[in-house]
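A.B. asks: Below is the file work.tsv, with TSV, C-alpha atoms and all ligand atoms.
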chain	number	residue	atom	x	y	z
A	1	MET	CA	-30.29	-11.25	9.07
A	2	GLY	CA	-32.19	-14.05	10.90
A	3	GLU	CA	-32.61	-12.38	14.30
A	4	LEU	CA	-33.71	-8.87	15.09
A	5	ALA	CA	-30.70	-6.58	15.69
A	6	LYS	CA	-30.44	-5.24	19.23
A	7	GLY	CA	-27.56	-2.92	18.60
A	8	ALA	CA	-24.83	-1.84	16.20
A	9	ALA	CA	-22.73	-4.87	17.23
A	10	ASP	CA	-25.45	-7.20	15.86
A	11	ILE	CA	-25.59	-5.26	12.60
A	12	LEU	CA	-21.79	-5.52	12.30
A	13	ARG	CA	-21.70	-9.24	13.12
A	14	ALA	CA	-24.40	-9.94	10.53
A	15	ARG	CA	-22.57	-7.88	7.90
A	16	ILE	CA	-19.31	-9.75	8.56
A	17	ALA	CA	-21.07	-13.16	8.54
A	18	GLU	CA	-22.59	-12.27	5.18
A	19	ARG	CA	-19.57	-10.70	3.43
A	20	GLY	CA	-16.47	-11.51	5.47
A	21	PRO	CA	-14.22	-8.96	7.24
A	22	ILE	CA	-15.13	-5.31	6.58
A	23	SER	CA	-12.91	-2.25	6.20
A	24	PHE	CA	-12.43	0.01	9.18
A	25	SER	CA	-14.33	2.84	7.50
A	26	GLU	CA	-17.32	0.55	6.98
A	27	PHE	CA	-17.15	-0.34	10.68
A	28	VAL	CA	-17.10	3.37	11.63
A	29	GLU	CA	-19.94	4.18	9.23
A	30	ILE	CA	-22.20	1.61	10.92
A	31	ALA	CA	-21.04	2.31	14.48
A	32	LEU	CA	-21.65	6.07	14.11
A	33	TYR	CA	-24.35	6.42	11.49
A	34	ASP	CA	-26.51	3.29	11.29
A	35	PRO	CA	-29.95	4.94	11.09
A	36	GLU	CA	-31.27	2.95	14.04
A	37	TRP	CA	-28.28	1.91	16.15
A	38	GLY	CA	-25.49	4.29	15.17
A	39	TYR	CA	-24.00	6.52	17.85
A	40	TYR	CA	-25.18	9.79	16.28
A	41	SER	CA	-28.70	8.41	15.74
A	42	ARG	CA	-29.09	7.66	19.42
A	43	VAL	CA	-26.84	9.75	21.61
A	44	ALA	CA	-27.25	13.49	22.08
A	45	VAL	CA	-24.07	15.47	21.33
A	46	GLY	CA	-22.72	16.52	24.71
A	47	ARG	CA	-23.07	13.22	26.56
A	48	ASP	CA	-19.55	12.05	25.81
A	49	PHE	CA	-17.67	15.17	24.75
A	50	VAL	CA	-18.18	18.93	24.86
A	51	THR	CA	-17.81	21.01	21.72
A	52	SER	CA	-16.97	24.72	21.55
A	53	PRO	CA	-20.49	25.98	20.75
A	54	ARG	CA	-21.70	24.24	23.89
A	55	THR	CA	-18.80	25.52	25.98
A	56	SER	CA	-19.56	29.22	25.57
A	57	PRO	CA	-21.75	31.52	23.43
A	58	ALA	CA	-18.55	33.53	22.88
A	59	PHE	CA	-17.66	30.99	20.19
A	60	GLY	CA	-20.75	31.80	18.12
A	61	HIS	CA	-20.60	35.51	18.87
A	62	LEU	CA	-17.00	35.77	17.64
A	63	LEU	CA	-17.84	33.71	14.57
A	64	GLY	CA	-20.69	36.20	14.11
A	65	ARG	CA	-18.05	38.91	13.94
A	66	PHE	CA	-16.16	36.84	11.36
A	67	VAL	CA	-19.36	36.41	9.30
A	68	ALA	CA	-20.00	40.17	9.39
A	69	ASP	CA	-16.39	40.86	8.30
A	70	ALA	CA	-16.87	38.41	5.42
A	71	TRP	CA	-20.14	40.12	4.41
A	72	HIS	CA	-18.41	43.53	4.30
A	73	ALA	CA	-15.42	42.08	2.41
A	74	LEU	CA	-17.83	40.77	-0.27
A	75	ASP	CA	-19.49	44.22	-0.56
A	76	ARG	CA	-22.58	43.29	1.45
A	77	PRO	CA	-24.41	40.85	-0.85
A	78	ASN	CA	-28.11	40.22	-0.29
A	79	PRO	CA	-28.94	37.42	0.09
A	80	PHE	CA	-25.82	36.34	1.96
A	81	PHE	CA	-25.68	32.65	2.79
A	82	VAL	CA	-24.05	31.02	5.78
A	83	ALA	CA	-24.05	27.25	5.30
A	84	GLU	CA	-22.97	25.37	8.39
A	85	PHE	CA	-22.27	21.67	8.02
A	86	ALA	CA	-22.41	19.21	10.95
A	87	ALA	CA	-24.58	21.83	12.60
A	88	GLY	CA	-25.79	19.38	15.26
A	89	ASP	CA	-28.61	20.93	17.29
A	90	GLY	CA	-28.06	24.40	15.78
A	91	THR	CA	-26.49	26.02	18.87
A	92	LEU	CA	-23.69	27.67	16.88
A	93	GLY	CA	-26.05	29.10	14.26
A	94	ALA	CA	-28.38	30.49	16.92
A	95	ASP	CA	-25.45	32.27	18.63
A	96	ILE	CA	-24.12	33.66	15.34
A	97	LEU	CA	-27.54	35.00	14.37
A	98	ALA	CA	-28.12	36.48	17.85
A	99	TRP	CA	-24.82	38.37	17.62
A	100	LEU	CA	-25.56	39.59	14.08
A	101	SER	CA	-29.04	40.83	15.08
A	102	ALA	CA	-27.60	42.76	18.02
A	103	ARG	CA	-24.45	44.14	16.42
A	104	GLU	CA	-24.74	43.98	12.61
A	105	PRO	CA	-28.46	44.27	11.78
A	106	GLY	CA	-27.77	44.93	8.07
A	107	CYS	CA	-25.84	41.69	7.79
A	108	ALA	CA	-28.46	39.86	9.90
A	109	ALA	CA	-31.21	40.99	7.52
A	110	ALA	CA	-29.28	39.73	4.46
A	111	THR	CA	-28.22	36.43	6.04
A	112	ARG	CA	-29.89	33.13	5.16
A	113	TYR	CA	-28.53	30.54	7.58
A	114	LEU	CA	-28.56	26.91	6.47
A	115	ALA	CA	-27.77	24.43	9.27
A	116	VAL	CA	-27.04	21.07	7.65
A	117	ASP	CA	-26.48	17.82	9.51
A	118	ARG	CA	-26.73	14.15	8.59
A	119	GLN	CA	-28.93	13.61	11.61
A	120	ALA	CA	-30.98	16.82	11.61
A	121	VAL	CA	-34.74	16.89	11.26
A	122	SER	CA	-35.43	19.35	8.43
A	123	ASP	CA	-37.20	22.47	9.73
A	124	ALA	CA	-37.73	25.75	7.89
A	125	SER	CA	-39.81	27.44	10.59
A	126	GLY	CA	-37.13	29.29	12.58
A	127	PRO	CA	-34.46	31.83	11.67
A	128	LEU	CA	-32.18	28.83	11.10
A	129	PHE	CA	-33.14	26.76	8.09
A	130	ARG	CA	-32.34	23.25	9.35
A	131	VAL	CA	-31.68	20.65	6.69
A	132	ARG	CA	-31.00	16.94	6.91
A	133	GLY	CA	-28.18	16.44	4.43
A	134	ASP	CA	-24.71	15.20	3.70
A	135	ALA	CA	-21.83	17.68	3.48
A	136	ALA	CA	-20.50	15.67	0.54
A	137	HIS	CA	-23.54	16.90	-1.43
A	138	PRO	CA	-24.16	20.51	-0.38
A	139	PRO	CA	-27.86	21.21	-0.95
A	140	THR	CA	-27.45	24.54	-2.76
A	141	ASN	CA	-26.37	26.12	-6.02
A	142	PRO	CA	-23.05	28.00	-5.75
A	143	PHE	CA	-23.65	31.01	-3.50
A	144	ASP	CA	-22.05	34.11	-2.00
A	145	GLY	CA	-21.32	33.69	1.67
A	146	VAL	CA	-19.57	31.53	4.24
A	147	VAL	CA	-19.23	27.77	4.55
A	148	LEU	CA	-18.62	26.79	8.13
A	149	SER	CA	-17.98	23.61	10.08
A	150	ASN	CA	-16.97	22.79	13.62
A	151	GLU	CA	-16.00	19.16	14.19
A	152	LEU	CA	-17.35	17.83	10.92
A	153	PHE	CA	-14.18	16.28	9.51
A	154	ASP	CA	-13.18	14.38	12.67
A	155	ALA	CA	-16.60	12.69	12.61
A	156	LEU	CA	-16.23	11.27	9.08
A	157	PRO	CA	-15.55	7.54	8.64
A	158	PHE	CA	-11.83	6.75	8.53
A	159	ASP	CA	-9.63	3.78	7.69
A	160	ARG	CA	-6.82	2.42	9.88
A	161	ILE	CA	-3.76	1.64	7.81
A	162	VAL	CA	-0.77	-0.26	9.09
A	163	SER	CA	2.68	0.21	7.63
A	164	THR	CA	4.32	-3.23	7.08
A	165	GLU	CA	7.45	-4.57	5.36
A	166	LEU	CA	5.14	-5.44	2.47
A	167	GLY	CA	3.76	-1.91	2.21
A	168	LEU	CA	0.63	-0.20	3.48
A	169	ARG	CA	-2.10	-2.63	4.55
A	170	GLN	CA	-5.73	-2.07	5.51
A	171	THR	CA	-6.95	-2.95	8.97
A	172	MET	CA	-10.08	-5.06	8.66
A	173	VAL	CA	-12.73	-5.74	11.28
A	174	ASP	CA	-13.65	-9.39	11.78
A	175	CYS	CA	-15.50	-11.54	14.34
A	176	LEU	CA	-13.93	-13.97	16.77
A	177	GLY	CA	-16.88	-15.68	18.38
A	178	ARG	CA	-19.09	-12.74	19.34
A	179	ASP	CA	-16.18	-10.33	19.72
A	180	LEU	CA	-15.18	-7.83	17.06
A	181	VAL	CA	-11.45	-7.97	16.36
A	182	SER	CA	-9.12	-6.19	13.99
A	183	ARG	CA	-6.83	-7.97	11.53
A	184	VAL	CA	-4.19	-6.84	9.10
A	185	GLY	CA	-5.86	-7.13	5.71
A	186	PRO	CA	-5.03	-6.62	2.04
A	187	ALA	CA	-2.97	-3.85	0.46
A	188	VAL	CA	-4.61	-0.43	0.64
A	189	THR	CA	-6.98	0.72	-2.08
A	190	ASP	CA	-5.67	2.89	-4.92
A	191	ALA	CA	-7.47	5.90	-3.41
A	192	ILE	CA	-5.61	5.50	-0.11
A	193	LEU	CA	-2.30	4.88	-1.85
A	194	ARG	CA	-2.75	8.03	-3.95
A	195	HIS	CA	-3.65	9.94	-0.79
A	196	PHE	CA	-0.42	8.98	0.97
A	197	ASN	CA	1.72	9.37	-2.15
A	198	ALA	CA	0.63	13.02	-2.29
A	199	LEU	CA	2.04	13.54	1.22
A	200	ALA	CA	5.73	13.58	1.99
A	201	ILE	CA	5.59	11.07	4.84
A	202	ARG	CA	7.69	8.05	5.76
A	203	PRO	CA	5.87	5.87	8.28
A	204	SER	CA	7.85	3.38	10.38
A	205	ILE	CA	7.14	-0.33	10.24
A	206	GLY	CA	4.28	-1.14	12.59
A	207	GLN	CA	2.93	2.42	12.58
A	208	LEU	CA	-0.82	3.02	12.36
A	209	LEU	CA	-2.11	5.75	10.06
A	210	ASP	CA	-5.72	6.89	10.36
A	211	VAL	CA	-7.06	8.43	7.19
A	212	SER	CA	-10.42	9.58	5.94
A	213	VAL	CA	-10.60	9.37	2.16
A	214	VAL	CA	-14.03	11.00	2.38
A	215	ALA	CA	-12.63	14.16	4.01
A	216	PRO	CA	-10.97	15.61	0.88
A	217	GLN	CA	-14.06	14.76	-1.19
A	218	VAL	CA	-16.26	16.62	1.30
A	219	TYR	CA	-13.91	19.60	1.43
A	220	ARG	CA	-13.80	19.80	-2.38
A	221	ALA	CA	-17.61	19.74	-2.54
A	222	LEU	CA	-17.84	22.49	0.10
A	223	ALA	CA	-15.25	24.68	-1.62
A	224	ARG	CA	-17.07	24.32	-4.93
A	225	SER	CA	-20.39	25.28	-3.34
A	226	LEU	CA	-19.05	28.84	-2.97
A	227	ARG	CA	-19.24	31.30	-5.84
A	228	ARG	CA	-17.66	34.07	-3.75
A	229	GLY	CA	-16.85	33.71	-0.11
A	230	PHE	CA	-15.00	32.04	2.73
A	231	ILE	CA	-14.67	28.48	4.04
A	232	VAL	CA	-13.99	28.16	7.76
A	233	THR	CA	-13.04	24.73	9.07
A	234	ILE	CA	-12.51	24.17	12.79
A	235	ASP	CA	-11.45	20.79	14.09
A	236	TYR	CA	-8.79	18.92	15.91
A	237	GLY	CA	-5.99	17.90	13.69
A	238	ALA	CA	-2.59	18.95	12.40
A	239	GLU	CA	-0.32	19.05	9.38
A	240	ALA	CA	0.22	15.64	7.76
A	241	THR	CA	3.91	15.46	8.72
A	242	ASP	CA	2.87	15.67	12.38
A	243	LEU	CA	-0.19	13.38	12.13
A	244	TYR	CA	1.77	10.68	10.36
A	245	GLY	CA	5.05	11.27	12.22
A	246	SER	CA	6.57	9.33	15.11
A	247	ARG	CA	4.55	11.29	17.72
A	248	HIS	CA	1.44	9.49	16.50
A	249	PHE	CA	2.96	6.03	15.99
A	250	ALA	CA	-0.25	4.41	17.33
A	251	GLY	CA	-2.52	6.55	15.11
A	252	THR	CA	-4.84	9.34	16.17
A	253	ALA	CA	-8.19	7.55	16.33
A	254	ARG	CA	-9.95	7.54	19.70
A	255	GLY	CA	-13.24	6.54	21.18
A	256	TYR	CA	-14.98	8.91	23.59
A	257	SER	CA	-17.37	7.78	26.25
A	258	ARG	CA	-18.65	9.88	29.17
A	259	HIS	CA	-15.87	12.44	28.63
A	260	ALA	CA	-13.06	9.87	28.78
A	261	ALA	CA	-10.88	8.72	25.87
A	262	VAL	CA	-11.18	5.01	25.04
A	263	ASP	CA	-8.33	3.25	23.21
A	264	ASP	CA	-10.29	0.17	22.14
A	265	LEU	CA	-12.30	1.39	19.17
A	266	LEU	CA	-14.16	-1.88	18.66
A	267	VAL	CA	-15.87	-2.14	22.04
A	268	ARG	CA	-19.50	-1.10	22.43
A	269	PRO	CA	-20.08	0.05	18.84
A	270	GLY	CA	-22.89	2.59	18.73
A	271	GLU	CA	-22.24	3.49	22.37
A	272	GLN	CA	-19.04	5.48	22.03
A	273	ASP	CA	-18.07	8.30	19.70
A	274	LEU	CA	-15.24	7.49	17.27
A	275	THR	CA	-12.99	10.19	15.85
A	276	SER	CA	-9.66	10.67	14.15
A	277	HIS	CA	-7.53	13.78	13.74
A	278	VAL	CA	-8.00	15.87	10.63
A	279	ASP	CA	-5.22	16.17	8.04
A	280	PHE	CA	-5.18	19.94	7.42
A	281	THR	CA	-2.38	19.68	4.84
A	282	THR	CA	-4.71	17.75	2.55
A	283	LEU	CA	-7.73	19.99	3.16
A	284	ARG	CA	-5.69	23.09	2.34
A	285	ARG	CA	-4.28	21.52	-0.83
A	286	VAL	CA	-7.70	20.32	-1.99
A	287	GLY	CA	-9.12	23.81	-1.42
A	288	GLU	CA	-6.28	25.39	-3.39
A	289	GLU	CA	-6.86	22.91	-6.23
A	290	ALA	CA	-10.50	24.00	-6.22
A	291	GLY	CA	-9.44	27.62	-6.72
A	292	ALA	CA	-9.41	28.75	-3.09
A	293	GLN	CA	-6.62	30.68	-1.41
A	294	THR	CA	-5.59	30.35	2.18
A	295	VAL	CA	-6.52	33.41	4.24
A	296	TRP	CA	-5.55	32.14	7.67
A	297	SER	CA	-4.45	28.94	9.36
A	298	GLY	CA	-3.61	28.42	13.01
A	299	ALA	CA	-4.86	27.47	16.45
A	300	GLN	CA	-8.41	28.15	17.65
A	301	ALA	CA	-6.99	30.14	20.57
A	302	ASP	CA	-5.25	32.57	18.19
A	303	PHE	CA	-8.26	32.75	15.88
A	304	LEU	CA	-10.62	33.70	18.73
A	305	ARG	CA	-8.12	36.20	20.15
A	306	ALA	CA	-7.84	37.83	16.72
A	307	LEU	CA	-11.64	38.16	16.74
A	308	ASP	CA	-11.28	39.89	20.12
A	309	LEU	CA	-12.24	37.38	22.75
A	310	ALA	CA	-10.73	39.74	25.33
A	311	LYS	CA	-13.33	42.40	24.45
A	312	TRP	CA	-16.13	39.80	24.66
A	313	ILE	CA	-15.04	38.93	28.20
A	314	GLU	CA	-14.64	42.61	29.13
A	315	ARG	CA	-18.22	43.27	28.07
A	316	LEU	CA	-19.60	40.75	30.57
A	317	ASP	CA	-21.23	42.99	33.10
A	318	PRO	CA	-21.11	41.70	36.69
A	319	ARG	CA	-23.86	44.18	37.61
A	320	HIS	CA	-26.34	42.36	35.34
A	321	LEU	CA	-25.30	38.81	36.17
A	322	SER	CA	-25.27	36.79	39.36
A	323	HIS	CA	-21.82	36.11	40.80
A	324	VAL	CA	-22.05	32.48	39.64
A	325	ASP	CA	-23.30	33.33	36.12
A	326	TYR	CA	-20.58	35.94	35.67
A	327	HIS	CA	-17.82	33.51	36.64
A	328	ASN	CA	-19.31	30.66	34.57
A	329	ALA	CA	-19.53	32.92	31.51
A	330	ARG	CA	-15.93	34.06	31.98
A	331	PHE	CA	-14.67	30.55	32.61
A	332	GLY	CA	-16.54	29.15	29.56
A	333	ALA	CA	-15.04	31.80	27.28
A	334	LEU	CA	-11.53	31.15	28.59
A	335	GLU	CA	-12.02	27.41	28.05
A	336	LEU	CA	-12.24	28.10	24.31
A	337	VAL	CA	-8.60	29.19	24.29
A	338	ASN	CA	-7.34	26.59	26.76
A	339	PRO	CA	-4.19	25.17	25.11
A	340	SER	CA	-4.86	21.70	26.50
A	341	GLY	CA	-8.48	21.76	25.30
A	342	THR	CA	-10.22	23.21	22.26
A	343	GLY	CA	-7.77	26.14	22.19
A	344	ARG	CA	-5.35	23.89	20.33
A	345	PHE	CA	-7.88	22.94	17.64
A	346	ARG	CA	-6.91	24.08	14.15
A	347	VAL	CA	-8.77	26.69	12.13
A	348	LEU	CA	-8.39	26.91	8.37
A	349	VAL	CA	-9.89	29.89	6.55
A	350	GLN	CA	-9.85	29.88	2.76
A	351	SER	CA	-11.52	32.22	0.27
A	352	ARG	CA	-12.87	31.58	-3.20
A	353	GLY	CA	-13.60	34.39	-5.64
A	354	ALA	CA	-13.15	36.75	-2.67
A	355	PRO	CA	-10.38	38.80	-1.04
A	356	GLY	CA	-7.46	36.68	0.10
A	357	ARG	CA	-7.21	38.52	3.41
A	358	LEU	CA	-9.39	39.88	6.15
A	359	ASP	CA	-8.16	42.77	8.29
A	360	ARG	CA	-8.59	41.05	11.63
A	361	LEU	CA	-6.89	37.85	10.45
A	362	VAL	CA	-3.38	38.84	9.47
A	401	LIG	C1	-18.85	16.05	16.81
A	401	LIG	S1	-20.47	16.45	16.25
A	401	LIG	C2	-20.30	18.21	16.08
A	401	LIG	C3	-21.64	18.93	16.19
A	401	LIG	C4	-21.55	20.47	16.23
A	401	LIG	N1	-20.85	21.01	15.08
A	401	LIG	C5	-20.89	20.96	17.49
A	401	LIG	O1	-19.83	21.56	17.41
A	401	LIG	O2	-21.48	20.77	18.57
A	401	LIG	C6	-20.36	15.87	14.59
A	401	LIG	C7	-21.62	16.09	13.77
A	401	LIG	O3	-21.30	15.84	12.39
A	401	LIG	C8	-22.45	15.34	11.76
A	401	LIG	N2	-22.01	14.76	10.48
A	401	LIG	C9	-21.15	13.75	10.30
A	401	LIG	N3	-20.95	13.50	9.00
A	401	LIG	C10	-21.68	14.41	8.33
A	401	LIG	C11	-21.88	14.68	6.95
A	401	LIG	N4	-21.28	13.95	6.01
A	401	LIG	N5	-22.69	15.71	6.61
A	401	LIG	C12	-23.31	16.46	7.55
A	401	LIG	N6	-23.17	16.23	8.89
A	401	LIG	C13	-22.36	15.24	9.27
A	401	LIG	C14	-22.98	14.35	12.79
A	401	LIG	O4	-24.33	14.00	12.55
A	401	LIG	C15	-22.79	15.16	14.08
A	401	LIG	O5	-23.94	15.93	14.39
Give the structure from the file, written as structure tokens.
Ligand SMILES: C[S@@+](CC[C@H](N)C(=O)[O-])C[C@H]1O[C@@H](n2cnc3c(N)ncnc32)[C@H](O)[C@@H]1O
C.D. replies:
Amino acid sequence: MGELAKGAADILRARIAERGPISFSEFVEIALYDPEWGYYSRVAVGRDFVTSPRTSPAFGHLLGRFVADAWHALDRPNPFFVAEFAAGDGTLGADILAWLSAREPGCAAATRYLAVDRQAVSDASGPLFRVRGDAAHPPTNPFDGVVLSNELFDALPFDRIVSTELGLRQTMVDCLGRDLVSRVGPAVTDAILRHFNALAIRPSIGQLLDVSVVAPQVYRALARSLRRGFIVTIDYGAEATDLYGSRHFAGTARGYSRHAAVDDLLVRPGEQDLTSHVDFTTLRRVGEEAGAQTVWSGAQADFLRALDLAKWIERLDPRHLSHVDYHNARFGALELVNPSGTGRFRVLVQSRGAPGRLDRLV
């Protein structure tokens, strides 16, 4: 590149000038993860969207209860690993460990918590072992424990496919002057075709289908990283028939900037978050092919209620909190089950080499 890049848009323009139009997933990869100008390299999580761990510590505390249940179900192994992927700043892990220390000290003592993120700075000094790494290549030998992720899969690069009379076509990103524009490109790759052939869907002509071919590869790698244990995946998404049905004719991909959804995914690359809904049908199937069985699948609201969110709220003691702190804590916890917010996220729990059920999740 002749000139010094001043942002992700310059990197993208240079790439397109050099090689011609790029696939949508290559666009997303640069816009989100360019080491210098990508969104996640520059913007702190929380500026444009709020995730459950940052909404309320109840999220981590209830997952702490899940982790303890898993430890008991596996006959209390020591060491017991919890590997969280897309761990961000480690908030969730800190809350899980705090709950375990207070309520399940035996489990806390056995637990080795690995917080892995593409953008993390590796740090082994705290109770959380923070590792910079890619979920597609879990940095461990197969272990006994729990693999956990919250909003990993929606943050993976995705392609935009358009259904045409001539079959499924890729959407490519090109330049028109200095603007980035999308164009209907060549037929989809074999990997994408195989992906859709495995799903019983019939898109209409003109329909957009957002798909991450990386997602099943990542899920397979995570499932295989477990010798005995549970995989918990929390994200927004749905079954494939819904994601690729008429309700989502315009696709599910969105940009997020300053807590507002943005429809134009190509504007301000590196400045807005880009996401697409997760296909839970495929994740479940891939897990089952890797020898896992489905323990539980449903909405985040039901998952957290099963782990006794009501009791968590009941235990807030207004005598030890200011009026404002008490109401904020209560409100934050209730937000986690809000059906028009993260309460409608999906949770998939699978087990590998471990019991196919947990008492609380029936
Ligand atoms: C939406 S944020 C979620 C962060 C955190 N889990 C939370 O709930 O606040 C997505 C995170 O996924 C990380 N990420 C994306 N792809 C990844 C990969 N292949 N392996 C590990 N982390 C990844 C990003 O760096 C980012 O921190």
A.B. asks: Could you build a table of the residues in range 202-320 of chain A lying no more than 8 Å from range 32-35 of chain A, giving for each the nearest pair of atoms and their separation in Å rounded to one decimal place, using all atoms listed in the file, ordered by chain and ascending residue number, as a Markdown table?
C.D. replies:
| residue | atom | partner | partner_atom | distance |
| --- | --- | --- | --- | --- |
| A:Pro269 | CA | A:Leu32 | CA | 7.8 |
| A:Gly270 | CA | A:Leu32 | CA | 5.9 |
| A:Asp273 | CA | A:Leu32 | CA | 7.0 |
| A:Leu274 | CA | A:Leu32 | CA | 7.3 |
A.B. asks: Keeping only C-alpha atoms, take the residues you just selected and write them out as a PDB file, in the coordinates of the input.
C.D. replies:
ATOM      1  CA  PRO A 269     -20.080   0.050  18.840  1.00  0.00           C
ATOM      2  CA  GLY A 270     -22.890   2.590  18.730  1.00  0.00           C
ATOM      3  CA  ASP A 273     -18.070   8.300  19.700  1.00  0.00           C
ATOM      4  CA  LEU A 274     -15.240   7.490  17.270  1.00  0.00           C
TER       5      LEU A 274
END
A.B. asks: Leaving out Ala31 in chain A and any residue of its chain fewer than 5 positions from it, which residues lie within 10 Å of it when counting all atoms listed in the file, given as an mmCIF file with C-alpha atoms, in the coordinates of the input?
C.D. replies:
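The resulting selection.cif:
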data_model
loop_
_atom_site.group_PDB
_atom_site.id
_atom_site.type_symbol
_atom_site.label_atom_id
_atom_site.label_comp_id
_atom_site.auth_asym_id
_atom_site.auth_seq_id
_atom_site.Cartn_x
_atom_site.Cartn_y
_atom_site.Cartn_z
ATOM 1 C CA GLY A 7 -27.560 -2.920 18.600
ATOM 2 C CA ALA A 8 -24.830 -1.840 16.200
ATOM 3 C CA ALA A 9 -22.730 -4.870 17.230
ATOM 4 C CA ILE A 11 -25.590 -5.260 12.600
ATOM 5 C CA LEU A 12 -21.790 -5.520 12.300
ATOM 6 C CA SER A 25 -14.330 2.840 7.500
ATOM 7 C CA GLU A 26 -17.320 0.550 6.980
ATOM 8 C CA TRP A 37 -28.280 1.910 16.150
ATOM 9 C CA GLY A 38 -25.490 4.290 15.170
ATOM 10 C CA TYR A 39 -24.000 6.520 17.850
ATOM 11 C CA TYR A 40 -25.180 9.790 16.280
ATOM 12 C CA SER A 41 -28.700 8.410 15.740
ATOM 13 C CA PRO A 157 -15.550 7.540 8.640
ATOM 14 C CA LEU A 265 -12.300 1.390 19.170
ATOM 15 C CA LEU A 266 -14.160 -1.880 18.660
ATOM 16 C CA ARG A 268 -19.500 -1.100 22.430
ATOM 17 C CA PRO A 269 -20.080 0.050 18.840
ATOM 18 C CA GLY A 270 -22.890 2.590 18.730
ATOM 19 C CA GLU A 271 -22.240 3.490 22.370
ATOM 20 C CA GLN A 272 -19.040 5.480 22.030
ATOM 21 C CA ASP A 273 -18.070 8.300 19.700
ATOM 22 C CA LEU A 274 -15.240 7.490 17.270
#
A.B. asks: Just how far from CA of Ile231 in chain A is CA of Ala290 in chain A, in Å to one decimal?
C.D. replies: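 Straight-line distance from CA of Ala290 in chain A to CA of Ile231 in chain A works out to 11.9 Å.
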A.B. asks: Determine, counting only C-alpha atoms, which protein, DNA and RNA residues have an atom within 12 Å of an atom of Val362 in chain A; residues of the same chain fewer than 3 positions away are not included. Present the result as a list of chain:residue names.
C.D. replies: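 That gives A:Thr294, A:Val295, A:Trp296, A:Ser297, A:Gly298, A:Asp302, A:Phe303, A:Arg305, A:Ala306, A:Leu307, A:Val349, A:Gly356, A:Arg357, A:Leu358, A:Asp359.
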A.B. asks: Quick check, in Å to one decimal: how far apart do CA of Asn78 in chain A and CA of Ala108 in chain A lie?
C.D. replies: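 So the answer is 10.2 Å.
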A.B. asks: Skip Ser212 in chain A itself and residues of its chain fewer than 6 positions away, then list as a list in words all residues within 10 Å of it, counting all atoms listed in the file.
C.D. replies: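 Selected residues are Ser25, Phe153, Asp154, Ala155, Leu156, Pro157, Phe158, Asp159, Arg160, Ile192, His195, Ser276, His277, Val278 and Asp279 of chain A.
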A.B. asks: Check which residues fall inside 7 Å of ligand LIG 401 (chain A) when counting all atoms listed in the file, and print them as a ChimeraX atom specification.
C.D. replies: /A:40,45,51-54,85-88,116-119,133-136,149-152,155-156
A.B. asks: Residues within 9 Å of Ala83 in chain A, please, as a PDB file with C-alpha atoms, in the frame of the given file. Count only C-alpha atoms; anything in the same chain fewer than 3 positions from it doesn't count.
C.D. replies:
ATOM      1  CA  ARG A 112     -29.890  33.130   5.160  1.00  0.00           C
ATOM      2  CA  TYR A 113     -28.530  30.540   7.580  1.00  0.00           C
ATOM      3  CA  LEU A 114     -28.560  26.910   6.470  1.00  0.00           C
ATOM      4  CA  ALA A 115     -27.770  24.430   9.270  1.00  0.00           C
ATOM      5  CA  VAL A 116     -27.040  21.070   7.650  1.00  0.00           C
ATOM      6  CA  PRO A 138     -24.160  20.510  -0.380  1.00  0.00           C
ATOM      7  CA  GLY A 145     -21.320  33.690   1.670  1.00  0.00           C
ATOM      8  CA  VAL A 146     -19.570  31.530   4.240  1.00  0.00           C
ATOM      9  CA  VAL A 147     -19.230  27.770   4.550  1.00  0.00           C
ATOM     10  CA  LEU A 148     -18.620  26.790   8.130  1.00  0.00           C
ATOM     11  CA  SER A 149     -17.980  23.610  10.080  1.00  0.00           C
TER      12      SER A 149
END
A.B. asks: Name the closest residue to Ala292 in chain A among the candidates A:Gly177, A:Gly60, A:Gly167, A:Gly229; distances are taken between atoms, counting all atoms listed in the file.
C.D. replies: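 Selected residue with least distance to Ala292 in chain A: A:Gly229.
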A.B. asks: Please identify all polymer residues lying at most 9 Å from the point (-21.8, 29.9, 16.4) (file coordinates), using only C-alpha atoms, and present the result as JSON, numbers by chain.
C.D. replies: {"A": [52, 53, 57, 58, 59, 60, 61, 62, 63, 64, 90, 91, 92, 93, 94, 95, 96, 97]}
A.B. asks: Can I get the selected residues back with C-alpha atoms, as an mmCIF file, keeping the file's coordinate frame?
C.D. replies:
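selection_27.cif, freshly written:
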data_model
loop_
_atom_site.group_PDB
_atom_site.id
_atom_site.type_symbol
_atom_site.label_atom_id
_atom_site.label_comp_id
_atom_site.auth_asym_id
_atom_site.auth_seq_id
_atom_site.Cartn_x
_atom_site.Cartn_y
_atom_site.Cartn_z
ATOM 1 C CA SER A 52 -16.970 24.720 21.550
ATOM 2 C CA PRO A 53 -20.490 25.980 20.750
ATOM 3 C CA PRO A 57 -21.750 31.520 23.430
ATOM 4 C CA ALA A 58 -18.550 33.530 22.880
ATOM 5 C CA PHE A 59 -17.660 30.990 20.190
ATOM 6 C CA GLY A 60 -20.750 31.800 18.120
ATOM 7 C CA HIS A 61 -20.600 35.510 18.870
ATOM 8 C CA LEU A 62 -17.000 35.770 17.640
ATOM 9 C CA LEU A 63 -17.840 33.710 14.570
ATOM 10 C CA GLY A 64 -20.690 36.200 14.110
ATOM 11 C CA GLY A 90 -28.060 24.400 15.780
ATOM 12 C CA THR A 91 -26.490 26.020 18.870
ATOM 13 C CA LEU A 92 -23.690 27.670 16.880
ATOM 14 C CA GLY A 93 -26.050 29.100 14.260
ATOM 15 C CA ALA A 94 -28.380 30.490 16.920
ATOM 16 C CA ASP A 95 -25.450 32.270 18.630
ATOM 17 C CA ILE A 96 -24.120 33.660 15.340
ATOM 18 C CA LEU A 97 -27.540 35.000 14.370
#
